[in-house]
file query.cif (mmCIF, C-alpha atoms)
data_coords
#
loop_
_atom_site.label_atom_id
_atom_site.label_comp_id
_atom_site.auth_asym_id
_atom_site.auth_seq_id
_atom_site.Cartn_x
_atom_site.Cartn_y
_atom_site.Cartn_z
CA MET A 248 78.33 -46.10 85.95
CA SER A 249 81.50 -45.47 87.99
CA GLN A 250 84.83 -44.12 86.75
CA GLU A 251 86.26 -47.66 86.85
CA ASP A 252 83.36 -49.02 84.79
CA ILE A 253 83.81 -46.28 82.18
CA LEU A 254 87.56 -47.00 81.94
CA LYS A 255 86.93 -50.74 81.68
CA SER A 256 84.41 -50.18 78.87
CA MET A 257 86.86 -48.00 76.90
CA ASN A 258 89.71 -50.52 77.41
CA SER A 259 87.53 -53.29 76.02
CA ARG A 260 87.63 -51.53 72.67
CA LEU A 261 91.45 -51.47 72.48
CA THR A 262 92.92 -54.15 70.18
CA LEU A 263 96.61 -53.95 71.20
CA PRO A 264 97.44 -55.34 74.65
CA GLU A 265 100.26 -52.83 75.17
CA ASN A 266 97.75 -49.99 75.01
CA GLN A 267 96.09 -51.41 78.12
CA THR A 268 99.28 -51.32 80.19
CA GLU A 269 98.90 -49.11 83.28
CA GLY A 270 101.07 -45.99 83.23
CA THR A 271 101.26 -45.66 79.46
CA PHE A 272 100.30 -42.52 77.61
CA GLY A 273 97.12 -44.17 76.30
CA GLN A 274 95.99 -45.20 79.77
CA ASP A 275 96.67 -41.71 81.14
CA ILE A 276 94.44 -40.24 78.44
CA LEU A 277 91.65 -42.78 78.95
CA GLY A 278 91.86 -42.32 82.73
CA SER A 279 91.39 -38.56 82.39
CA VAL A 280 88.45 -39.00 80.04
CA ALA A 281 86.83 -41.55 82.37
CA TYR A 282 87.24 -39.17 85.31
CA GLU A 283 85.57 -36.27 83.49
CA LEU A 284 82.75 -38.45 82.14
CA ASP A 285 82.07 -39.73 85.64
CA ASN A 286 81.89 -36.16 86.97
CA THR A 287 79.58 -35.10 84.15
CA ILE A 288 77.21 -38.00 84.70
CA GLU A 289 77.18 -37.40 88.46
CA LEU A 290 76.49 -33.68 87.95
CA LYS A 291 73.56 -34.35 85.64
CA VAL A 292 72.05 -36.96 87.94
CA ASN A 293 72.47 -34.78 91.04
CA THR A 294 70.80 -31.78 89.42
CA LEU A 295 68.06 -33.65 87.56
CA LEU A 296 65.62 -33.62 90.47
CA ASP A 297 66.27 -29.93 91.18
CA ARG A 298 65.46 -29.11 87.58
CA ALA A 299 62.17 -31.02 87.70
CA PHE A 300 60.48 -29.34 90.68
CA ALA A 301 59.06 -25.85 91.09
CA LEU A 302 60.83 -25.24 94.39
CA THR A 303 64.30 -25.74 92.93
CA ALA A 304 64.06 -25.20 89.15
CA TYR A 305 65.30 -22.02 87.49
CA GLY A 306 65.05 -20.35 84.09
CA ASP A 307 63.96 -22.59 81.23
CA ASP A 308 63.55 -25.54 83.61
CA LEU A 309 61.08 -23.53 85.68
CA ASP A 310 59.22 -22.63 82.48
CA ARG A 311 58.81 -26.35 81.71
CA VAL A 312 57.51 -27.08 85.21
CA GLY A 313 55.06 -24.18 84.94
CA GLU A 314 53.82 -25.14 81.50
CA ASP A 315 53.24 -28.72 82.68
CA ASN A 316 50.87 -27.23 85.24
CA ASP A 317 49.22 -24.78 82.84
CA VAL A 318 50.93 -21.77 84.45
CA TYR A 319 52.87 -19.63 81.99
CA ARG A 320 55.54 -17.06 82.64
CA LYS A 321 54.30 -13.52 82.03
CA LEU A 322 56.25 -12.00 79.14
CA GLU A 323 57.41 -8.41 78.84
CA GLN A 324 54.83 -5.93 77.65
CA PRO A 325 55.41 -2.67 75.74
CA ALA A 326 54.58 0.65 77.36
CA LYS A 327 52.00 3.04 75.99
CA VAL A 328 52.18 6.81 76.19
CA LEU A 329 49.81 9.62 75.23
CA VAL A 330 51.71 12.11 73.07
CA THR A 331 50.70 15.63 72.09
CA ILE A 332 51.52 16.16 68.41
CA THR A 333 51.63 19.71 67.06
CA GLY A 334 51.49 20.58 63.40
CA THR A 335 49.57 22.02 60.51
CA PRO A 336 45.77 21.70 60.80
CA GLY A 337 44.41 19.02 58.51
CA ILE A 338 47.59 16.92 58.46
CA ALA A 339 47.08 13.25 59.37
CA VAL A 340 48.97 11.43 62.11
CA GLU A 341 48.94 7.90 60.79
CA THR A 342 49.88 4.61 62.45
CA ASN A 343 53.24 4.50 60.66
CA VAL A 344 54.51 7.62 62.48
CA GLN A 345 57.48 6.83 64.71
CA ILE A 346 59.12 9.01 67.34
CA GLU A 347 62.26 8.50 69.42
CA TYR A 348 63.49 9.28 72.91
CA ALA A 349 66.61 7.92 74.67
CA ASP A 350 67.13 5.23 71.99
CA LEU A 351 63.54 4.06 72.39
CA ILE A 352 61.26 4.02 69.36
CA PHE A 353 57.53 4.62 69.83
CA LYS A 354 54.99 3.91 67.09
CA SER A 355 51.57 5.50 66.75
CA ILE A 356 48.71 3.07 67.33
CA GLN A 357 45.97 5.59 66.49
CA ASN A 358 45.03 7.63 63.46
CA ALA A 359 44.32 11.30 64.07
CA ILE A 360 43.98 14.61 62.23
CA ILE A 361 45.59 17.83 63.46
CA PRO A 362 42.61 20.12 64.32
CA GLU A 363 42.42 23.88 63.97
CA SER A 364 44.00 24.27 67.42
CA GLY A 365 47.23 22.90 65.96
CA SER A 366 47.69 19.94 68.32
CA VAL A 367 46.17 16.53 68.95
CA ASP A 368 46.76 13.77 71.51
CA VAL A 369 47.74 10.42 70.01
CA LEU A 370 48.48 7.10 71.71
CA PHE A 371 51.91 5.61 70.96
CA GLU A 372 53.39 2.23 71.88
CA CYS A 373 57.05 1.47 72.61
CA LYS A 374 58.63 -0.98 70.19
CA THR A 375 60.84 -2.26 73.02
CA GLY A 376 59.06 -4.25 75.69
CA GLY A 377 59.62 -3.69 79.39
CA ILE A 378 59.46 -1.10 82.12
CA VAL A 379 62.06 0.98 80.27
CA GLY A 380 59.22 2.34 78.10
CA ASN A 381 57.43 3.95 81.06
CA ILE A 382 58.96 7.34 80.29
CA PRO A 383 58.23 10.52 82.29
CA GLN A 384 55.65 13.14 81.46
CA GLY A 385 56.89 16.09 79.39
CA VAL A 386 59.48 14.20 77.35
CA GLU A 387 60.31 15.80 74.00
CA PHE A 388 60.56 13.27 71.15
CA VAL A 389 62.18 13.55 67.76
CA PHE A 390 60.57 12.10 64.64
CA VAL A 391 62.44 9.05 63.36
CA SER A 392 61.66 10.24 59.84
CA PRO A 393 60.45 13.79 59.13
CA VAL A 394 56.71 13.96 58.50
CA TYR A 395 55.41 16.89 56.49
CA GLY A 396 53.22 19.13 58.60
CA LEU A 397 54.16 17.57 61.96
CA ASN A 398 56.33 19.82 64.11
CA SER A 399 56.75 18.40 67.61
CA ALA A 400 55.86 15.51 69.90
CA VAL A 401 55.74 15.70 73.71
CA SER A 402 54.51 13.08 76.17
CA LYS A 403 51.32 14.42 77.75
CA GLU A 404 51.45 11.85 80.54
CA ALA A 405 53.96 9.34 81.86
CA GLY A 406 54.21 6.04 79.99
CA TYR A 407 52.28 3.13 81.46
CA ASP A 408 51.74 -0.64 81.26
CA GLY A 409 55.35 -1.38 80.30
CA VAL A 410 56.41 -4.42 82.31
CA ASP A 411 59.48 -6.65 82.31
CA ARG A 412 59.47 -10.39 81.78
CA GLU A 413 58.42 -12.14 84.97
CA ASP A 414 61.42 -13.29 87.02
CA ASP A 415 61.75 -16.66 88.73
CA ASP A 416 60.99 -15.29 92.20
CA SER A 417 57.60 -14.01 91.02
CA TYR A 418 56.80 -16.92 88.71
CA ARG A 419 57.59 -19.68 91.22
CA PRO A 420 54.85 -18.81 93.81
CA ARG A 421 52.18 -18.84 91.08
CA ILE A 422 53.26 -22.32 89.99
CA LEU A 423 53.31 -23.59 93.57
CA ALA A 424 49.84 -22.16 94.23
CA LYS A 425 48.51 -24.03 91.20
CA ILE A 426 50.26 -27.29 92.14
CA ARG A 427 48.97 -27.10 95.69
CA SER A 428 45.45 -26.49 94.34
CA GLU A 429 44.95 -23.33 96.37
CA GLY A 430 42.63 -22.07 93.65
CA SER A 431 39.62 -24.29 92.98
CA SER A 432 35.88 -24.06 92.32
CA GLY A 433 35.94 -20.29 92.09
CA ASN A 434 37.28 -19.65 95.60
CA ALA A 435 39.21 -16.50 96.52
CA ALA A 436 42.54 -18.09 95.59
CA HIS A 437 41.14 -18.87 92.14
CA TYR A 438 40.28 -15.22 91.50
CA LYS A 439 43.75 -14.25 92.73
CA GLU A 440 45.29 -16.74 90.30
CA TRP A 441 43.22 -15.47 87.35
CA ALA A 442 44.14 -11.85 88.08
CA GLU A 443 47.85 -12.39 88.69
CA GLU A 444 48.39 -14.39 85.50
CA ILE A 445 47.85 -11.23 83.45
CA PRO A 446 51.06 -9.37 82.52
CA GLY A 447 51.21 -6.05 84.33
CA VAL A 448 49.54 -7.34 87.50
CA ASP A 449 51.86 -7.66 90.49
CA LYS A 450 49.48 -8.67 93.26
CA ALA A 451 45.75 -9.21 93.59
CA LEU A 452 43.78 -8.82 96.81
CA VAL A 453 40.45 -10.61 96.70
CA VAL A 454 37.48 -9.60 98.87
CA PRO A 455 34.59 -12.09 98.69
CA LEU A 456 31.06 -10.64 98.91
CA GLU A 457 32.49 -7.11 98.89
CA PHE A 458 29.38 -5.60 97.29
CA GLY A 459 26.81 -8.13 98.46
CA ASN A 460 25.85 -11.73 97.76
CA GLY A 461 27.48 -13.22 94.67
CA THR A 462 29.99 -10.35 94.28
CA VAL A 463 33.76 -10.51 94.36
CA GLY A 464 36.08 -7.52 94.66
CA ILE A 465 39.48 -7.95 93.01
CA HIS A 466 41.99 -5.23 93.88
CA ILE A 467 45.15 -5.30 91.76
CA SER A 468 48.53 -3.61 92.04
CA THR A 469 51.22 -3.07 89.41
CA PRO A 470 54.99 -3.74 89.60
CA THR A 471 55.60 0.03 89.76
CA LYS A 472 52.98 0.39 92.51
CA GLN A 473 50.93 2.84 90.46
CA ASN A 474 47.22 2.72 89.76
CA PRO A 475 46.50 0.26 86.92
CA SER A 476 45.41 1.67 83.61
CA ASP A 477 41.88 1.23 82.30
CA GLU A 478 43.29 -1.14 79.66
CA LEU A 479 44.88 -3.37 82.32
CA LEU A 480 41.72 -3.39 84.43
CA GLN A 481 39.77 -4.49 81.36
CA LYS A 482 42.25 -7.28 80.53
CA VAL A 483 41.95 -8.68 84.03
CA THR A 484 38.18 -8.36 83.95
CA ASP A 485 37.94 -10.16 80.60
CA ASN A 486 40.17 -12.99 81.82
CA ILE A 487 38.13 -13.48 85.00
CA LEU A 488 34.80 -13.31 83.17
CA ALA A 489 35.98 -16.09 80.86
CA LYS A 490 36.88 -18.40 83.77
CA LYS A 491 34.62 -17.54 86.71
CA PRO A 492 31.75 -19.75 87.90
CA ILE A 493 28.27 -18.90 86.70
CA GLY A 494 26.42 -16.56 89.03
CA SER A 495 29.27 -14.50 90.43
CA THR A 496 29.77 -10.79 89.73
CA PRO A 497 33.45 -9.75 89.82
CA THR A 498 34.62 -6.14 89.99
CA VAL A 499 38.25 -5.37 89.22
CA MET A 500 39.80 -2.17 90.60
CA SER A 501 43.03 -0.78 91.99
CA VAL A 502 44.30 -1.56 95.44
CA GLU A 503 44.50 1.35 97.85
CA TYR A 504 48.14 2.34 98.19
CA ILE A 505 49.41 3.50 101.57
CA ASP A 506 52.54 5.64 101.29
CA ILE A 507 55.13 4.99 103.99
CA ASN A 508 57.02 8.21 104.75
CA ILE A 509 60.13 8.03 106.91
CA VAL A 510 62.01 10.89 108.58
CA ALA A 511 65.13 9.77 110.49
CA THR A 512 67.97 11.47 112.31
CA LEU A 513 71.08 9.30 112.33
CA ASN A 514 74.68 9.24 113.50
CA ILE A 515 76.56 8.43 110.30
CA SER A 516 80.25 7.57 110.03
CA SER A 517 82.59 9.89 108.14
CA GLU A 518 83.12 7.18 105.50
CA SER A 519 79.46 7.39 104.47
CA SER A 520 76.86 10.10 103.85
CA ALA A 521 73.17 10.79 104.34
CA GLN A 522 72.55 10.25 100.61
CA ALA A 523 74.35 6.89 100.59
CA VAL A 524 72.37 5.73 103.62
CA LYS A 525 69.13 6.94 102.05
CA THR A 526 69.79 4.93 98.88
CA GLN A 527 70.47 1.78 100.89
CA PHE A 528 67.47 2.29 103.15
CA GLU A 529 65.06 2.87 100.26
CA GLU A 530 66.11 -0.44 98.70
CA LYS A 531 65.62 -2.26 102.00
CA LEU A 532 62.28 -0.53 102.58
CA ASP A 533 61.01 -1.55 99.14
CA ALA A 534 62.00 -5.17 99.79
CA TYR A 535 60.32 -5.18 103.20
CA LEU A 536 57.08 -3.62 101.98
CA ASP A 537 56.87 -6.22 99.20
CA THR A 538 56.61 -8.94 101.85
CA THR A 539 54.29 -7.36 104.42
CA THR A 540 50.58 -8.02 104.07
CA ASP A 541 48.82 -6.79 107.18
CA THR A 542 51.07 -4.54 109.30
CA VAL A 543 53.94 -2.16 108.57
CA SER A 544 56.04 -2.40 111.70
CA TYR A 545 57.39 0.81 113.20
CA LEU A 546 60.20 -1.06 115.00
CA ARG A 547 61.18 -2.82 111.78
CA MET A 548 62.21 0.57 110.38
CA SER A 549 64.88 0.80 113.08
CA ASP A 550 66.30 -2.57 112.02
CA LEU A 551 66.39 -1.48 108.38
CA LEU A 552 68.17 1.77 109.29
CA PHE A 553 70.75 0.02 111.48
CA ASP A 554 71.37 -2.47 108.68
CA CYS A 555 72.62 0.31 106.38
CA THR A 556 76.39 0.56 106.03
CA GLY A 557 77.76 3.64 107.78
CA VAL A 558 75.00 4.04 110.38
CA ASN A 559 76.50 4.25 113.89
CA ASP A 560 73.25 5.02 115.69
CA VAL A 561 69.58 5.78 115.07
CA LEU A 562 68.86 8.90 117.12
CA SER A 563 65.18 9.28 116.21
CA TYR A 564 62.72 8.53 113.44
CA THR A 565 59.05 8.72 112.58
CA MET A 566 56.86 6.73 110.22
CA ASN A 567 54.07 8.80 108.70
CA GLY A 568 54.66 11.36 111.40
CA SER A 569 54.29 9.02 114.37
CA ASN A 570 55.96 6.18 116.25
CA GLN A 571 53.16 3.67 115.66
CA SER A 572 52.89 0.68 113.37
CA ILE A 573 50.39 0.91 110.49
CA SER A 574 47.72 -1.73 109.99
CA LEU A 575 46.65 -2.52 106.43
CA THR A 576 43.14 -3.49 105.43
CA GLU A 577 42.38 -6.34 103.04
CA LYS A 578 42.30 -3.81 100.16
CA GLN A 579 45.54 -1.95 100.93
CA ILE A 580 49.17 -2.34 99.90
CA ALA A 581 52.01 -0.30 101.41
CA ARG A 582 54.51 1.43 99.15
CA LYS A 583 57.55 3.61 99.72
CA GLY A 584 56.72 7.28 100.08
CA THR A 585 59.23 10.00 100.96
CA VAL A 586 62.42 9.25 102.84
CA THR A 587 64.31 12.00 104.66
CA ILE A 588 67.65 11.21 106.30
CA ASN A 589 69.18 13.81 108.60
CA ALA A 590 72.75 13.37 109.80
#

call {"tool": "encode", "arguments": {"input": "query.cif", "output": "structure tokens"}}
result
Amino acid sequence: MSQEDILKSMNSRLTLPENQTEGTFGQDILGSVAYELDNTIELKVNTLLDRAFALTAYGDDLDRVGEDNDVYRKLEQPAKVLVTITGTPGIAVETNVQIEYADLIFKSIQNAIIPESGSVDVLFECKTGGIVGNIPQGVEFVFVSPVYGLNSAVSKEAGYDGVDREDDDSYRPRILAKIRSEGSSGNAAHYKEWAEEIPGVDKALVVPLEFGNGTVGIHISTPTKQNPSDELLQKVTDNILAKKPIGSTPTVMSVEYIDINIVATLNISSESSAQAVKTQFEEKLDAYLDTTTDTVSYLRMSDLLFDCTGVNDVLSYTMNGSNQSISLTEKQIARKGTVTINA
């Protein structure tokens, strides 16, 4: 319906002829309303197709497209952390014990008794989902409420398995793979699909017949590019076992990470600094490594360095101590290692 049609429809409801006279206050108001309604209708129609397809939908619209194809967005998951609790021997650490660090509350998910040694390791889970719960090793907690006989709580290891809600850029390729039927009849793409639909899995590399006839090797990585926990490996294994064809033997394990270490000597403008360039370069390096699958290009590092604000010239640089590109096997993923910028 055009703007003129909308105005004509509204005028048909007016009972006094003088209200339909062009240039009157009433007609100015109706004209403005008709204009805005026409724009609103056009906007909705023009965006309707974008909202209905995986390539162009975003947010809740992308969720609807995914759910129509039985592909669901991975939700945030809470981190777990092993905590050393010290206290009086014989005192119980029950599942209602809560500890706090940096405004994050962790709740015990195990029961334990303080032994004669005076300390026990207990598994805690963050009450806030997301990567924020992956706290460092050695963090000192405070008890949310004092517990008789419990004195201190320190993270024995870094937190793990805390992941953020899947963003559109990660969710979209999984939907497209399903729509395009890349995974079918238990092929390699099917195993990749089953592994990557588990929260906490970033990428899955599938190696058919890795351990002989009927075997499938599934190598997974995490969003933080750390080795997956035993719990995550088991979740992926359970999901694949429930969906795989009869007769295959899948083995789920970590990918092999290849650290990419860069040492560069640069000519940097006086308006910038080596630290500022390093921060920029590390972000660009992370983005590049997320997209490469078979080769980490030595020459690409030069482009990334030149692309940093404040870099006048790249005088020299090495990648893992050499000036050669690095080839990745079908089980390897490259990740950022150490970056040293000399000015």

call {"tool": "atom_distance", "arguments": {"input": "query.cif", "atom1": "atom CA of A:Tyr438", "atom2": "atom CA of A:Lys425"}}
result
12.1 Å

call {"tool": "residues_around", "arguments": {"input": "query.cif", "residues": "stretch 450-465 of chain A", "least_positions_apart": "4", "cutoff": "9 Å", "atoms": "all atoms listed in the file", "output": "list in words"}}
result
Asn434, Ala435, Ala436, Tyr438, Lys439, Glu440, Ala442, Glu443, Thr469, Pro470, Gly494, Ser495, Thr496, Pro497, Thr498, Val499, Met500, Ser501, Val502, Glu577, Lys578, Gln579 and Ile580 of chain A

call {"tool": "atom_distance", "arguments": {"input": "query.cif", "atom1": "atom CA of A:Val369", "atom2": "atom CA of A:Val328"}}
result
8.4 Å

call {"tool": "resolve_selection", "arguments": {"input": "query.cif", "expression": "the PyMOL selection byres ((chain A and resi 545-556) around 8)", "output": "list of chain:residue names"}}
result
A:Ser519, A:Val524, A:Gln527, A:Phe528, A:Lys531, A:Leu532, A:Val543, A:Ser544, A:Gly557, A:Val558, A:Asn559, A:Asp560, A:Val561, A:Met566, A:Asn570, A:Gln571, A:Ser572, A:Ile573

call {"tool": "resolve_selection", "arguments": {"input": "query.cif", "expression": "the PyMOL selection byres ((chain A and resi 358-361) around 10)", "output": "PyMOL selection string"}}
result
chain A and resi 332-344+355-357+362-370+396-397

call {"tool": "closest_atom_pairs", "arguments": {"input": "query.cif", "of": "stretch 445-526 of chain A", "to": "stretch 408-412 of chain A", "cutoff": "10 Å", "atoms": "all atoms listed in the file", "output": "tab-separated table"}}
result
residue	atom	partner	partner_atom	distance
A:Pro446	CA	A:Val410	CA	7.3
A:Gly447	CA	A:Val410	CA	5.8
A:Val448	CA	A:Val410	CA	9.1
A:Asp449	CA	A:Val410	CA	9.9
A:Thr469	CA	A:Asp408	CA	8.5
A:Pro470	CA	A:Val410	CA	7.5
A:Thr471	CA	A:Val410	CA	8.7
A:Gln473	CA	A:Asp408	CA	9.9
A:Pro475	CA	A:Asp408	CA	7.8
A:Ser476	CA	A:Asp408	CA	7.1
A:Glu478	CA	A:Asp408	CA	8.6
A:Leu479	CA	A:Asp408	CA	7.5
